[in-house]
$ cat data-v8.cif   # mmCIF, C-alpha atoms
data_data
#
loop_
_atom_site.group_PDB
_atom_site.id
_atom_site.type_symbol
_atom_site.label_atom_id
_atom_site.label_comp_id
_atom_site.auth_asym_id
_atom_site.auth_seq_id
_atom_site.Cartn_x
_atom_site.Cartn_y
_atom_site.Cartn_z
ATOM 1 C CA MET A 1200 25.370 9.804 36.447
ATOM 2 C CA ILE A 1201 27.956 10.506 33.780
ATOM 3 C CA PRO A 1202 29.400 7.311 32.300
ATOM 4 C CA PHE A 1203 33.184 7.394 32.412
ATOM 5 C CA HIS A 1204 35.229 6.099 29.510
ATOM 6 C CA ALA A 1205 38.990 6.178 29.997
ATOM 7 C CA VAL A 1206 39.441 6.664 26.268
ATOM 8 C CA PRO A 1207 36.421 7.985 24.330
ATOM 9 C CA ASP A 1208 35.592 6.545 20.945
ATOM 10 C CA ARG A 1209 37.127 8.323 17.977
ATOM 11 C CA LEU A 1210 34.782 10.769 16.358
ATOM 12 C CA GLU A 1211 33.062 9.250 13.354
ATOM 13 C CA LYS A 1212 31.240 11.123 10.610
ATOM 14 C CA HIS A 1213 28.110 8.953 10.769
ATOM 15 C CA ARG A 1214 27.850 9.346 14.552
ATOM 16 C CA THR A 1215 28.373 13.108 15.006
ATOM 17 C CA ALA A 1216 26.071 16.107 15.129
ATOM 18 C CA LEU A 1217 26.950 19.751 15.750
ATOM 19 C CA VAL A 1218 25.163 21.942 18.292
ATOM 20 C CA VAL A 1219 25.651 25.720 17.977
ATOM 21 C CA VAL A 1220 24.702 27.351 21.277
ATOM 22 C CA ASP A 1221 23.435 30.913 21.711
ATOM 23 C CA ILE A 1222 25.764 33.007 19.524
ATOM 24 C CA GLN A 1223 23.390 35.957 19.803
ATOM 25 C CA GLU A 1224 23.447 39.688 19.091
ATOM 26 C CA ARG A 1225 23.237 40.846 22.722
ATOM 27 C CA PHE A 1226 26.619 39.208 23.361
ATOM 28 C CA ARG A 1227 28.327 41.142 20.537
ATOM 29 C CA GLY A 1228 31.324 42.985 21.922
ATOM 30 C CA LEU A 1229 30.999 41.323 25.336
ATOM 31 C CA ILE A 1230 32.562 37.925 24.609
ATOM 32 C CA HIS A 1231 36.261 37.305 25.225
ATOM 33 C CA ASP A 1232 38.119 36.798 21.931
ATOM 34 C CA GLN A 1233 34.889 37.141 19.959
ATOM 35 C CA ASP A 1234 36.598 37.213 16.553
ATOM 36 C CA ARG A 1235 38.187 33.799 17.172
ATOM 37 C CA LEU A 1236 34.876 32.408 18.397
ATOM 38 C CA LEU A 1237 33.039 33.610 15.275
ATOM 39 C CA ARG A 1238 35.769 32.538 12.847
ATOM 40 C CA SER A 1239 36.105 29.056 14.371
ATOM 41 C CA SER A 1240 32.366 28.506 14.793
ATOM 42 C CA ASN A 1241 31.706 29.507 11.204
ATOM 43 C CA ARG A 1242 34.477 27.225 9.979
ATOM 44 C CA LEU A 1243 32.966 24.286 11.858
ATOM 45 C CA ILE A 1244 29.417 25.089 10.730
ATOM 46 C CA ARG A 1245 30.459 25.449 7.083
ATOM 47 C CA ALA A 1246 32.313 22.124 7.212
ATOM 48 C CA TYR A 1247 29.321 20.337 8.735
ATOM 49 C CA ARG A 1248 27.008 21.863 6.132
ATOM 50 C CA GLU A 1249 29.377 20.914 3.291
ATOM 51 C CA LEU A 1250 29.579 17.327 4.588
ATOM 52 C CA ASP A 1251 25.774 17.224 4.955
ATOM 53 C CA LEU A 1252 26.024 16.457 8.671
ATOM 54 C CA PRO A 1253 23.301 17.454 11.144
ATOM 55 C CA VAL A 1254 23.470 20.868 12.800
ATOM 56 C CA LEU A 1255 21.204 22.215 15.538
ATOM 57 C CA VAL A 1256 21.272 25.828 16.712
ATOM 58 C CA THR A 1257 19.795 27.371 19.846
ATOM 59 C CA GLU A 1258 18.889 30.852 20.978
ATOM 60 C CA HIS A 1259 18.500 31.607 24.658
ATOM 61 C CA TYR A 1260 15.524 33.900 25.295
ATOM 62 C CA SER A 1261 15.859 35.703 21.967
ATOM 63 C CA ARG A 1262 13.391 38.406 22.977
ATOM 64 C CA GLY A 1263 15.941 39.618 25.514
ATOM 65 C CA LEU A 1264 19.245 38.474 23.999
ATOM 66 C CA GLY A 1265 18.479 38.977 20.325
ATOM 67 C CA VAL A 1266 18.752 36.570 17.433
ATOM 68 C CA THR A 1267 21.766 34.623 16.210
ATOM 69 C CA MET A 1268 24.500 36.939 14.895
ATOM 70 C CA PRO A 1269 24.111 37.496 11.128
ATOM 71 C CA GLU A 1270 27.531 36.092 10.226
ATOM 72 C CA VAL A 1271 26.634 32.840 11.993
ATOM 73 C CA ARG A 1272 23.125 32.783 10.491
ATOM 74 C CA ALA A 1273 24.718 33.090 7.044
ATOM 75 C CA ALA A 1274 26.873 30.015 7.682
ATOM 76 C CA LEU A 1275 23.865 28.110 9.042
ATOM 77 C CA GLY A 1276 21.819 28.699 5.920
ATOM 78 C CA GLY A 1277 18.155 28.006 6.532
ATOM 79 C CA ILE A 1278 18.477 26.167 9.851
ATOM 80 C CA ASP A 1279 15.881 27.525 12.272
ATOM 81 C CA PRO A 1280 17.051 28.046 15.851
ATOM 82 C CA ILE A 1281 15.464 26.276 18.779
ATOM 83 C CA GLU A 1282 14.330 28.809 21.382
ATOM 84 C CA LYS A 1283 15.272 27.941 24.957
ATOM 85 C CA ILE A 1284 15.074 29.368 28.449
ATOM 86 C CA HIS A 1285 16.997 26.607 30.250
ATOM 87 C CA PHE A 1286 20.737 27.145 30.439
ATOM 88 C CA SER A 1287 21.236 23.574 29.246
ATOM 89 C CA CYS A 1288 19.976 23.053 25.711
ATOM 90 C CA ASP A 1289 18.942 19.597 26.843
ATOM 91 C CA GLY A 1290 16.512 21.113 29.349
ATOM 92 C CA ASN A 1291 14.335 22.175 26.428
ATOM 93 C CA PRO A 1292 11.878 19.472 25.212
ATOM 94 C CA GLU A 1293 12.102 20.651 21.580
ATOM 95 C CA PHE A 1294 15.898 20.341 21.672
ATOM 96 C CA ARG A 1295 15.726 16.896 23.304
ATOM 97 C CA GLN A 1296 13.321 15.720 20.618
ATOM 98 C CA ALA A 1297 15.531 17.153 17.858
ATOM 99 C CA ILE A 1298 18.750 15.640 19.218
ATOM 100 C CA ASP A 1299 17.102 12.262 19.814
ATOM 101 C CA GLY A 1300 15.660 12.326 16.293
ATOM 102 C CA LEU A 1301 19.149 12.584 14.811
ATOM 103 C CA ASN A 1302 20.165 9.161 16.144
ATOM 104 C CA ARG A 1303 23.687 10.459 16.762
ATOM 105 C CA ASP A 1304 25.663 9.663 19.894
ATOM 106 C CA GLN A 1305 28.678 11.965 19.416
ATOM 107 C CA ILE A 1306 27.785 15.603 19.923
ATOM 108 C CA ILE A 1307 30.133 18.455 19.017
ATOM 109 C CA ILE A 1308 29.371 21.765 20.739
ATOM 110 C CA CYS A 1309 30.367 25.344 19.949
ATOM 111 C CA GLY A 1310 29.014 28.694 21.145
ATOM 112 C CA ILE A 1311 28.614 30.665 24.362
ATOM 113 C CA GLU A 1312 28.957 30.844 27.333
ATOM 114 C CA THR A 1313 31.498 28.116 28.098
ATOM 115 C CA HIS A 1314 30.977 27.963 31.855
ATOM 116 C CA VAL A 1315 27.162 28.105 31.743
ATOM 117 C CA CYS A 1316 25.180 26.904 28.704
ATOM 118 C CA ILE A 1317 28.024 24.955 27.070
ATOM 119 C CA TYR A 1318 28.975 23.214 30.317
ATOM 120 C CA GLN A 1319 25.402 22.406 31.367
ATOM 121 C CA THR A 1320 24.491 21.130 27.901
ATOM 122 C CA ALA A 1321 27.597 18.916 27.784
ATOM 123 C CA ARG A 1322 26.907 17.539 31.234
ATOM 124 C CA ASP A 1323 23.249 16.763 30.519
ATOM 125 C CA LEU A 1324 24.070 15.109 27.187
ATOM 126 C CA MET A 1325 26.697 12.960 28.886
ATOM 127 C CA ASP A 1326 24.155 12.026 31.564
ATOM 128 C CA ARG A 1327 22.033 10.699 28.694
ATOM 129 C CA GLY A 1328 24.881 8.574 27.345
ATOM 130 C CA LYS A 1329 26.190 10.870 24.617
ATOM 131 C CA GLN A 1330 29.890 11.347 23.939
ATOM 132 C CA VAL A 1331 30.553 15.088 23.918
ATOM 133 C CA ALA A 1332 33.369 17.078 22.323
ATOM 134 C CA ILE A 1333 33.824 20.811 22.761
ATOM 135 C CA ALA A 1334 35.483 22.836 20.015
ATOM 136 C CA ALA A 1335 37.635 24.877 22.403
ATOM 137 C CA ASP A 1336 38.511 27.518 19.807
ATOM 138 C CA ALA A 1337 34.788 27.911 19.031
ATOM 139 C CA VAL A 1338 33.526 28.505 22.577
ATOM 140 C CA SER A 1339 33.927 31.478 24.873
ATOM 141 C CA SER A 1340 32.514 33.466 27.774
ATOM 142 C CA GLN A 1341 32.462 37.120 28.683
ATOM 143 C CA LYS A 1342 35.535 36.603 30.865
ATOM 144 C CA ALA A 1343 38.605 34.617 29.820
ATOM 145 C CA THR A 1344 38.780 33.054 33.293
ATOM 146 C CA ASP A 1345 35.190 31.781 33.046
ATOM 147 C CA ARG A 1346 35.977 30.206 29.681
ATOM 148 C CA GLN A 1347 39.092 28.528 31.086
ATOM 149 C CA ILE A 1348 37.351 27.246 34.224
ATOM 150 C CA GLY A 1349 34.508 25.853 32.092
ATOM 151 C CA LEU A 1350 36.926 24.020 29.784
ATOM 152 C CA GLU A 1351 38.975 22.633 32.697
ATOM 153 C CA HIS A 1352 35.898 21.360 34.512
ATOM 154 C CA MET A 1353 34.444 19.760 31.392
ATOM 155 C CA ARG A 1354 37.761 18.023 30.726
ATOM 156 C CA ARG A 1355 37.698 16.625 34.294
ATOM 157 C CA ILE A 1356 34.226 15.140 33.840
ATOM 158 C CA GLY A 1357 35.125 13.427 30.573
ATOM 159 C CA VAL A 1358 34.219 15.909 27.854
ATOM 160 C CA GLN A 1359 36.671 15.831 24.952
ATOM 161 C CA VAL A 1360 38.225 19.280 24.669
ATOM 162 C CA MET A 1361 39.477 19.586 21.103
ATOM 163 C CA ASN A 1362 39.744 22.321 18.496
ATOM 164 C CA VAL A 1363 37.940 22.694 15.174
ATOM 165 C CA GLU A 1364 40.836 21.335 13.156
ATOM 166 C CA MET A 1365 41.234 18.261 15.394
ATOM 167 C CA ILE A 1366 37.512 17.530 15.135
ATOM 168 C CA LEU A 1367 37.409 17.850 11.361
ATOM 169 C CA PHE A 1368 40.558 15.816 10.707
ATOM 170 C CA GLU A 1369 39.376 13.078 13.071
ATOM 171 C CA ILE A 1370 36.020 12.871 11.280
ATOM 172 C CA LEU A 1371 37.710 12.840 7.856
ATOM 173 C CA ARG A 1372 40.385 10.230 8.718
ATOM 174 C CA GLU A 1373 42.165 10.432 5.339
ATOM 175 C CA ALA A 1374 43.052 12.905 2.614
ATOM 176 C CA LYS A 1375 42.135 11.149 -0.620
ATOM 177 C CA THR A 1376 38.359 11.309 -0.227
ATOM 178 C CA ALA A 1377 35.576 13.416 -1.701
ATOM 179 C CA ASP A 1378 34.800 14.711 1.801
ATOM 180 C CA PHE A 1379 38.370 15.892 2.302
ATOM 181 C CA LYS A 1380 38.395 17.643 -1.058
ATOM 182 C CA ALA A 1381 35.041 19.272 -0.314
ATOM 183 C CA ILE A 1382 36.234 20.937 2.874
ATOM 184 C CA ALA A 1383 39.966 21.321 2.096
ATOM 185 C CA PRO A 1384 39.582 25.097 1.651
ATOM 186 C CA LEU A 1385 38.090 25.316 5.156
ATOM 187 C CA LEU A 1386 40.970 23.298 6.580
ATOM 188 C CA LYS A 1387 43.447 25.812 5.165
ATOM 189 C CA ASP A 1388 41.407 28.727 6.533
ATOM 190 C CA SER A 1389 42.751 29.658 9.960
#
$ encode --input "data-v8.cif" --output "structure tokens"
Amino acid sequence: MIPFHAVPDRLEKHRTALVVVDIQERFRGLIHDQDRLLRSSNRLIRAYRELDLPVLVTEHYSRGLGVTMPEVRAALGGIDPIEKIHFSCDGNPEFRQAIDGLNRDQIIICGIETHVCIYQTARDLMDRGKQVAIAADAVSSQKATDRQIGLEHMRRIGVQVMNVEMILFEILREAKTADFKAIAPLLKDS
């Protein structure tokens, strides 16, 4: 059962991890507002990498859907994807082991598809006691309506629906820090 918190905890740098879900070649040209998805996902990934925060990436059945798109792979650096066949990332034992090994309880999710893999991953992580935030400008589906329905349903079950900028500013908290200076160029990049 999903624990319900009327007001979720604020996102904190030492508690968060980023999960990048299935931004794969086979989806190129099929995803609603793909340019926004790629731009926002890359912005979030680059910020997490710059802040030295944990990032996990998945690929759903890469033999059929291809590998992670090159522009996302470039932002990820040398992070190897976790192969999965379950729609929920958390259905994969390797993913569960990786996420548990991070000792983080606030999980930020970006990727595709909002109403399937993103939703099921968020739900399963919440069932395991994690606080989940979706970067709404960094998720999408093939159809705009599927994306919207996925976001609305996740909001109803207690997922925080935010955008990349909200997530980053909440993690940073203040401007006069080394972390803020390190990712300031990304914060200006829209």
$ atom_distance --input "data-v8.cif" --atom1 "CA of Glu1293 in chain A" --atom2 "CA of Pro1207 in chain A"
27.6 Å
$ closest_residue --input "data-v8.cif" --among "A:Asp1336, A:Glu1249, A:Glu1364, A:Asp1234" --to "Ala1377 in chain A" --atoms "only C-alpha atoms"
A:Glu1249
$ closest_residue --input "data-v8.cif" --among "A:Ile1307, A:Val1315, A:Ala1381, A:Leu1386" --to "Val1358 in chain A" --atoms "all atoms listed in the file"
A:Ile1307
$ residues_around --input "data-v8.cif" --residues "Gln1347 in chain A" --least-positions-apart "5" --cutoff "10 Å" --atoms "all atoms listed in the file" --output "list in words"
Thr1313, His1314, Ala1335, Ser1339, Ser1340, Lys1342, His1352 and Met1353 of chain A
$ write_last_selection --input "data-v8.cif" --atoms "C-alpha atoms" --output "PDB file, keeping the file's coordinate frame"
ATOM      1  CA  THR A1313      31.498  28.116  28.098  1.00  0.00           C
ATOM      2  CA  HIS A1314      30.977  27.963  31.855  1.00  0.00           C
ATOM      3  CA  ALA A1335      37.635  24.877  22.403  1.00  0.00           C
ATOM      4  CA  SER A1339      33.927  31.478  24.873  1.00  0.00           C
ATOM      5  CA  SER A1340      32.514  33.466  27.774  1.00  0.00           C
ATOM      6  CA  LYS A1342      35.535  36.603  30.865  1.00  0.00           C
ATOM      7  CA  HIS A1352      35.898  21.360  34.512  1.00  0.00           C
ATOM      8  CA  MET A1353      34.444  19.760  31.392  1.00  0.00           C
TER       9      MET A1353
END
$ resolve_selection --input "data-v8.cif" --expression "the PyMOL selection byres ((chain A and resi 1258-1274) around 10)" --output "VMD selection string"
chain A and resid 1219 to 1227 1237 to 1238 1240 to 1246 1248 1256 to 1257 1275 to 1288 1316
$ write_last_selection --input "data-v8.cif" --atoms "C-alpha atoms" --output "tab-separated table (two decimals), in the frame of the given file"
chain	number	residue	atom	x	y	z
A	1219	VAL	CA	25.65	25.72	17.98
A	1220	VAL	CA	24.70	27.35	21.28
A	1221	ASP	CA	23.44	30.91	21.71
A	1222	ILE	CA	25.76	33.01	19.52
A	1223	GLN	CA	23.39	35.96	19.80
A	1224	GLU	CA	23.45	39.69	19.09
A	1225	ARG	CA	23.24	40.85	22.72
A	1226	PHE	CA	26.62	39.21	23.36
A	1227	ARG	CA	28.33	41.14	20.54
A	1237	LEU	CA	33.04	33.61	15.28
A	1238	ARG	CA	35.77	32.54	12.85
A	1240	SER	CA	32.37	28.51	14.79
A	1241	ASN	CA	31.71	29.51	11.20
A	1242	ARG	CA	34.48	27.22	9.98
A	1243	LEU	CA	32.97	24.29	11.86
A	1244	ILE	CA	29.42	25.09	10.73
A	1245	ARG	CA	30.46	25.45	7.08
A	1246	ALA	CA	32.31	22.12	7.21
A	1248	ARG	CA	27.01	21.86	6.13
A	1256	VAL	CA	21.27	25.83	16.71
A	1257	THR	CA	19.80	27.37	19.85
A	1275	LEU	CA	23.86	28.11	9.04
A	1276	GLY	CA	21.82	28.70	5.92
A	1277	GLY	CA	18.16	28.01	6.53
A	1278	ILE	CA	18.48	26.17	9.85
A	1279	ASP	CA	15.88	27.52	12.27
A	1280	PRO	CA	17.05	28.05	15.85
A	1281	ILE	CA	15.46	26.28	18.78
A	1282	GLU	CA	14.33	28.81	21.38
A	1283	LYS	CA	15.27	27.94	24.96
A	1284	ILE	CA	15.07	29.37	28.45
A	1285	HIS	CA	17.00	26.61	30.25
A	1286	PHE	CA	20.74	27.14	30.44
A	1287	SER	CA	21.24	23.57	29.25
A	1288	CYS	CA	19.98	23.05	25.71
A	1316	CYS	CA	25.18	26.90	28.70
$ residues_around --input "data-v8.cif" --residues "range 1299-1305 of chain A" --least-positions-apart "3" --cutoff "7 Å" --atoms "only C-alpha atoms" --output "short mmCIF file (atom, residue, chain, number, x, y, z; two decimals) with C-alpha atoms, keeping the file's coordinate frame"
data_model
loop_
_atom_site.label_atom_id
_atom_site.label_comp_id
_atom_site.auth_asym_id
_atom_site.auth_seq_id
_atom_site.Cartn_x
_atom_site.Cartn_y
_atom_site.Cartn_z
CA LEU A 1210 34.78 10.77 16.36
CA ARG A 1214 27.85 9.35 14.55
CA THR A 1215 28.37 13.11 15.01
CA ALA A 1216 26.07 16.11 15.13
CA ARG A 1295 15.73 16.90 23.30
CA GLN A 1296 13.32 15.72 20.62
CA LYS A 1329 26.19 10.87 24.62
CA GLN A 1330 29.89 11.35 23.94
CA VAL A 1331 30.55 15.09 23.92
#
$ closest_residue --input "data-v8.cif" --among "A:Ile1298, A:Leu1350, A:Ile1230, A:Val1338" --to "Val1254 in chain A" --atoms "only C-alpha atoms"
A:Ile1298
$ closest_residue --input "data-v8.cif" --among "A:Ser1239, A:Ile1308, A:Ile1333, A:Tyr1247" --to "Val1360 in chain A" --atoms "all atoms listed in the file"
A:Ile1333
$ residues_near_point --input "data-v8.cif" --point "(30.9, 17.4, 32.1)" --cutoff "9 Å" --atoms "only C-alpha atoms" --output "list in words"
Ile1201, Tyr1318, Gln1319, Thr1320, Ala1321, Arg1322, Asp1323, Leu1324, Met1325, Asp1326, Val1331, His1352, Met1353, Arg1354, Arg1355, Ile1356, Gly1357 and Val1358 of chain A
$ resolve_selection --input "data-v8.cif" --expression "the PyMOL selection byres ((chain A and resi 1371) around 12)" --output "PDB file with C-alpha atoms, keeping the file's coordinate frame"
ATOM      1  CA  ARG A1209      37.127   8.323  17.977  1.00  0.00           C
ATOM      2  CA  LEU A1210      34.782  10.769  16.358  1.00  0.00           C
ATOM      3  CA  GLU A1211      33.062   9.250  13.354  1.00  0.00           C
ATOM      4  CA  LYS A1212      31.240  11.123  10.610  1.00  0.00           C
ATOM      5  CA  HIS A1213      28.110   8.953  10.769  1.00  0.00           C
ATOM      6  CA  THR A1215      28.373  13.108  15.006  1.00  0.00           C
ATOM      7  CA  ALA A1246      32.313  22.124   7.212  1.00  0.00           C
ATOM      8  CA  TYR A1247      29.321  20.337   8.735  1.00  0.00           C
ATOM      9  CA  LEU A1250      29.579  17.327   4.588  1.00  0.00           C
ATOM     10  CA  GLU A1364      40.836  21.335  13.156  1.00  0.00           C
ATOM     11  CA  MET A1365      41.234  18.261  15.394  1.00  0.00           C
ATOM     12  CA  ILE A1366      37.512  17.530  15.135  1.00  0.00           C
ATOM     13  CA  LEU A1367      37.409  17.850  11.361  1.00  0.00           C
ATOM     14  CA  PHE A1368      40.558  15.816  10.707  1.00  0.00           C
ATOM     15  CA  GLU A1369      39.376  13.078  13.071  1.00  0.00           C
ATOM     16  CA  ILE A1370      36.020  12.871  11.280  1.00  0.00           C
ATOM     17  CA  ARG A1372      40.385  10.230   8.718  1.00  0.00           C
ATOM     18  CA  GLU A1373      42.165  10.432   5.339  1.00  0.00           C
ATOM     19  CA  ALA A1374      43.052  12.905   2.614  1.00  0.00           C
ATOM     20  CA  LYS A1375      42.135  11.149  -0.620  1.00  0.00           C
ATOM     21  CA  THR A1376      38.359  11.309  -0.227  1.00  0.00           C
ATOM     22  CA  ALA A1377      35.576  13.416  -1.701  1.00  0.00           C
ATOM     23  CA  ASP A1378      34.800  14.711   1.801  1.00  0.00           C
ATOM     24  CA  PHE A1379      38.370  15.892   2.302  1.00  0.00           C
ATOM     25  CA  LYS A1380      38.395  17.643  -1.058  1.00  0.00           C
ATOM     26  CA  ALA A1381      35.041  19.272  -0.314  1.00  0.00           C
ATOM     27  CA  ILE A1382      36.234  20.937   2.874  1.00  0.00           C
ATOM     28  CA  ALA A1383      39.966  21.321   2.096  1.00  0.00           C
ATOM     29  CA  LEU A1386      40.970  23.298   6.580  1.00  0.00           C
TER      30      LEU A1386
END
$ atom_distance --input "data-v8.cif" --atom1 "CA of Val1218 in chain A" --atom2 "CA of Ala1332 in chain A"
10.4 Å
$ atom_distance --input "data-v8.cif" --atom1 "CA of Arg1327 in chain A" --atom2 "CA of Gln1341 in chain A"
28.4 Å
$ residues_around --input "data-v8.cif" --residues "Ala1334 in chain A" --least-positions-apart "5" --cutoff "6 Å" --atoms "only C-alpha atoms" --output "list in words"
Cys1309, Met1361, Asn1362 and Val1363 of chain A
$ closest_residue --input "data-v8.cif" --among "A:Ala1297, A:Ile1306, A:Leu1217, A:His1231" --to "Gln1359 in chain A" --atoms "only C-alpha atoms"
A:Ile1306
$ closest_residue --input "data-v8.cif" --among "A:Leu1255, A:Gln1233, A:Pro1292, A:Lys1387" --to "Arg1346 in chain A" --atoms "all atoms listed in the file"
A:Gln1233
